[in-house]
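J.: The structure's right below; bear with me while I get my questions together.
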Amino acid sequence: MSTSWTVVDPSTAEPLVDVALASLSETDDAIAAAHEAFASWRAVSPGERAGLLRRFASVVDAHLEELAGLEVRNAGHTWANARWEAGNVRDCLNYYAGAPERLFGRQIPVPGGVDLTFHEPLGVVGIIVPWNFPMPIAAWGFAPALAAGNTVVLKPAELTPLTAVRLGALALEAGLPEHVLTVLPGAGPVVGDRFVTHPLVRKICFTGSTAVGRTIMAGCAEQVKRVTLELGGKSSNIVFADADLAAAAASAPYAAFDNAGQDCCARSRILVERPAYDEFVSRLEPAVRGLRVLDPREESSEMGPLISARQRDTVRGYLDEVEVAFAGSAPPGAGFWVAPSVVTTEDTSSRIWREEVFGPVVAVMPFDDEVHAVALANDTDYGLSGSIFTRDLGRGLRVARSVEAGNLSVNSHSAVRYWTPFGGYKQSGLGRELGPDAPMAFTEEKNVFIAH
Ligand code: NAD
């Protein structure tokens, strides 16, 4: 029996629309249909599959404003972010449209015959998406998975199903055959769990919390199911005293508060070399106060609300435990707002320093030297991203190589690029998404020997 979920506009707390949640039997039916569609989808010629993905990309491009508008209302994203996110779906599709004709195997010299390798698609791939970046995270899974010849069942987060549902419809409009990409709004423990337990789903791509990721990995172990995990983070922005402090301080709020801090890559720890600490903090304050935290429907808004009342209350719980050094503003009203907040601390055991807050809160701590900075940055179970500000590029590279995280940037806070690999060390994840190798992660490598 289906139930429904009321989708809410987080900037007003007003209901937007009711979305039906798939039941267990509807999930089973969708997986069976995706399995049946796999036989013909994998047989579509490489050039034709590439053409369909390019057509999907151009249909997404034609609906960019509509998709972005849905995310502004459903997730409280700013227009600038939401347009980037919809464009990212288009770009991922175009990039991986280059893959079907390039899934090369190898010819390996052997005695007595010929040895060949093939990259065969897996079958049905289950993609489980969180609420913080509903469009890009969906596309990072489905674009390479489809390109490699798999069919996809995709579950958006309960809170943010609207763009995924629309993308599923646009795929059909672009000419993708039915059941090649199926979007199933539903509850995690029902639809998401069924992806894990159903034997015909051959791989899970999960993005979400580390706690749920662990249970997904354990569930996949039952069937030795392939799994990619993109989980939480507690990333450091390391500022050395020789850095361009004005640039470092001006950019730090965006690295911590983009998407209201609900970003797995948020640089929620700022480490500042002691001689530059006071100057950095005094430059950071006006940058934080100047952030335009506005109704996301206003074009100039730089930060919107949190996704839900629950998320807002979680973040407030962290702030209640500490003294806020300074904060920006947030509009009044019924939406789920929290002002961007800065905490200064030297307590490495505090929750604000150790846990992923997933809200607009950043903690600033001084460090003594390079070794100390790396030790502080690595003192976490997570390892997703990080930034290093220094004019000494040798040190920038050395520190980037020493921080145990998958995505580092020097003198910038680079966003995720679809053509470079992305993923976490330690409990931030398992496997990599994006970049040139992503389609390979949706294949099995088969070796065939032919005797002379
Ligand atoms: P979450 O783990 O609660 O939910 C993520 C998804 O999993 C949702 O679709 C949810 O319905 C589903 N789910 C929940 N329980 C399930 C179960 N038992 N079986 C199968 N599926 C289940 O995470 P969230 O609160 O939606 O997202 C926030 C978290 O995601 C943060 O920790 C953040 O760091 C992380 N995240 C990581 C990345 C990354 O790339 N590393 C990107 C975005 C978000």
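Naming works like this for the structure tokens: A, B, ... for the chains as they're shown, residue 1 at the start of each chain, ligands 1 onward in shown order.
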Select the residues contacting ligand 1 at a distance of at most 9 Å, based on only C-alpha atoms and all ligand atoms, then format the selection as an MDAnalysis selection string.
T.: chainID A and resid 127:134 137 155:160 185:196 206:213 215:216 219 229:234 262:266 311 356:358 384 422:424 428:429 433
J.: Would you export the selected residues with C-alpha atoms as a tab-separated table (two decimals), in the first residue's frame, please?
T.:
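Output contents, as saved in again.tsv:
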```
chain	number	residue	atom	x	y	z
A	127	ILE	CA	21.15	4.75	-6.49
A	128	ILE	CA	20.20	6.20	-3.09
A	129	VAL	CA	20.38	10.00	-2.92
A	130	PRO	CA	20.43	12.41	0.06
A	131	TRP	CA	18.57	15.72	0.32
A	132	ASN	CA	21.47	18.15	0.25
A	133	PHE	CA	22.35	18.06	-3.48
A	134	PRO	CA	19.47	16.13	-5.03
A	137	ILE	CA	24.34	13.38	-6.72
A	155	LYS	CA	15.52	6.70	-4.78
A	156	PRO	CA	15.61	10.39	-3.94
A	157	ALA	CA	15.54	11.52	-0.30
A	158	GLU	CA	12.07	11.75	1.19
A	159	LEU	CA	12.51	15.52	1.72
A	160	THR	CA	13.59	16.36	-1.86
A	185	PRO	CA	10.32	8.30	-4.31
A	186	GLY	CA	10.10	6.36	-1.09
A	187	ALA	CA	11.23	5.77	2.46
A	188	GLY	CA	14.85	4.77	3.06
A	189	PRO	CA	14.03	1.69	5.14
A	190	VAL	CA	11.50	0.52	2.51
A	191	VAL	CA	12.69	1.39	-1.02
A	192	GLY	CA	16.37	2.00	-0.22
A	193	ASP	CA	16.60	-1.14	1.88
A	194	ARG	CA	14.95	-3.18	-0.88
A	195	PHE	CA	17.62	-2.04	-3.33
A	196	VAL	CA	20.14	-3.53	-0.90
A	206	PHE	CA	24.78	5.36	-1.69
A	207	THR	CA	25.33	8.97	-0.69
A	208	GLY	CA	24.26	9.98	2.79
A	209	SER	CA	25.21	9.74	6.42
A	210	THR	CA	28.01	7.52	7.65
A	211	ALA	CA	25.60	5.78	10.05
A	212	VAL	CA	23.24	4.66	7.27
A	213	GLY	CA	26.19	3.95	4.95
A	215	THR	CA	24.22	-0.51	7.44
A	216	ILE	CA	24.09	-0.39	3.63
A	219	GLY	CA	23.55	-5.37	3.89
A	229	LEU	CA	29.64	4.99	-0.44
A	230	GLU	CA	29.85	8.79	-0.32
A	231	LEU	CA	29.39	9.72	3.33
A	232	GLY	CA	29.96	12.52	5.80
A	233	GLY	CA	32.88	14.87	6.29
A	234	LYS	CA	34.65	17.17	8.75
A	262	GLN	CA	24.69	21.23	4.35
A	263	ASP	CA	27.58	20.12	2.21
A	264	CYS	CA	29.59	16.97	2.80
A	265	CYS	CA	32.68	18.92	1.63
A	266	ALA	CA	32.04	21.92	3.93
A	311	GLN	CA	17.92	19.83	10.82
A	356	GLU	CA	29.63	16.85	11.23
A	357	VAL	CA	27.18	19.63	12.14
A	358	PHE	CA	25.74	19.86	8.60
A	384	LEU	CA	36.53	13.92	2.32
A	422	PHE	CA	35.61	12.43	-6.14
A	423	GLY	CA	35.34	10.37	-2.96
A	424	GLY	CA	36.43	9.91	0.61
A	428	SER	CA	33.89	9.45	4.41
A	429	GLY	CA	33.34	6.71	1.90
A	433	GLU	CA	32.67	8.74	-8.40
```
J.: Mind checking which residues fall within 10 Å of A:Glu222, counting only C-alpha atoms, ignoring those fewer than 2 positions away in the same chain, and posting them as a list of chain:residue names?
T.: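 Near A:Glu222, the qualifying residues are A:Val196, A:Thr197, A:Pro199, A:Met217, A:Ala218, A:Gly219, A:Cys220, A:Val224, A:Lys225.
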J.: Assign secondary structure with DSSP using the backbone only, and return the residues of stretch 76-180 of chain A in helix (DSSP H, G or I) as JSON, numbers by chain.
T.: {"A": [79, 80, 81, 82, 83, 84, 85, 86, 87, 88, 89, 90, 91, 92, 93, 94, 95, 96, 100, 101, 102, 134, 135, 136, 137, 138, 139, 140, 141, 142, 143, 144, 145, 146, 147, 162, 163, 164, 165, 166, 167, 168, 169, 170, 171, 172, 173]}
J.: Can you work out which one of A:Ala164, A:Ala250, A:Ala255, A:Ala243 has the shortest atom-to-atom distance to A:Ala415, counting only C-alpha atoms?
T.: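 Between A:Ala164, A:Ala250, A:Ala255, A:Ala243, the residue approaching A:Ala415 most closely is A:Ala255.
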J.: Please list as an mmCIF file with N, CA, C and O atoms, in the first residue's frame every residue within 9 Å of A:Asp313, counting only C-alpha atoms and excluding residues in the same chain fewer than 5 positions away.
T.:
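Everything below was put into out-v1.cif:
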```
data_model
loop_
_atom_site.group_PDB
_atom_site.id
_atom_site.type_symbol
_atom_site.label_atom_id
_atom_site.label_comp_id
_atom_site.auth_asym_id
_atom_site.auth_seq_id
_atom_site.Cartn_x
_atom_site.Cartn_y
_atom_site.Cartn_z
ATOM 1 N N SER A 308 15.060 21.391 6.965
ATOM 2 C CA SER A 308 13.888 20.971 7.745
ATOM 3 C C SER A 308 13.982 21.540 9.156
ATOM 4 O O SER A 308 15.057 21.954 9.613
ATOM 5 N N TYR A 318 23.880 22.075 18.655
ATOM 6 C CA TYR A 318 25.339 22.271 18.715
ATOM 7 C C TYR A 318 25.663 23.674 19.208
ATOM 8 O O TYR A 318 26.563 23.867 20.032
ATOM 9 N N PHE A 336 13.202 27.555 8.033
ATOM 10 C CA PHE A 336 14.135 26.850 8.929
ATOM 11 C C PHE A 336 15.501 27.527 8.897
ATOM 12 O O PHE A 336 16.490 26.963 8.406
#
```
J.: So which residues touch A:Ala33 within 12 Å, counting only C-alpha atoms, skipping near sequence neighbours fewer than 2 positions away, as a list in words?
T.: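 In the requested format, the answer is Glu26, Thr27, Asp28, Asp29, Ala30, Ile31, His35, Glu36, Ala37, Phe38, Ala39, Ser40, Gly123, Val124, Thr151, Val152, Val153, Pro177, Glu178, His179, Val180, Leu181, Thr182, Leu200 and Val201 of chain A.
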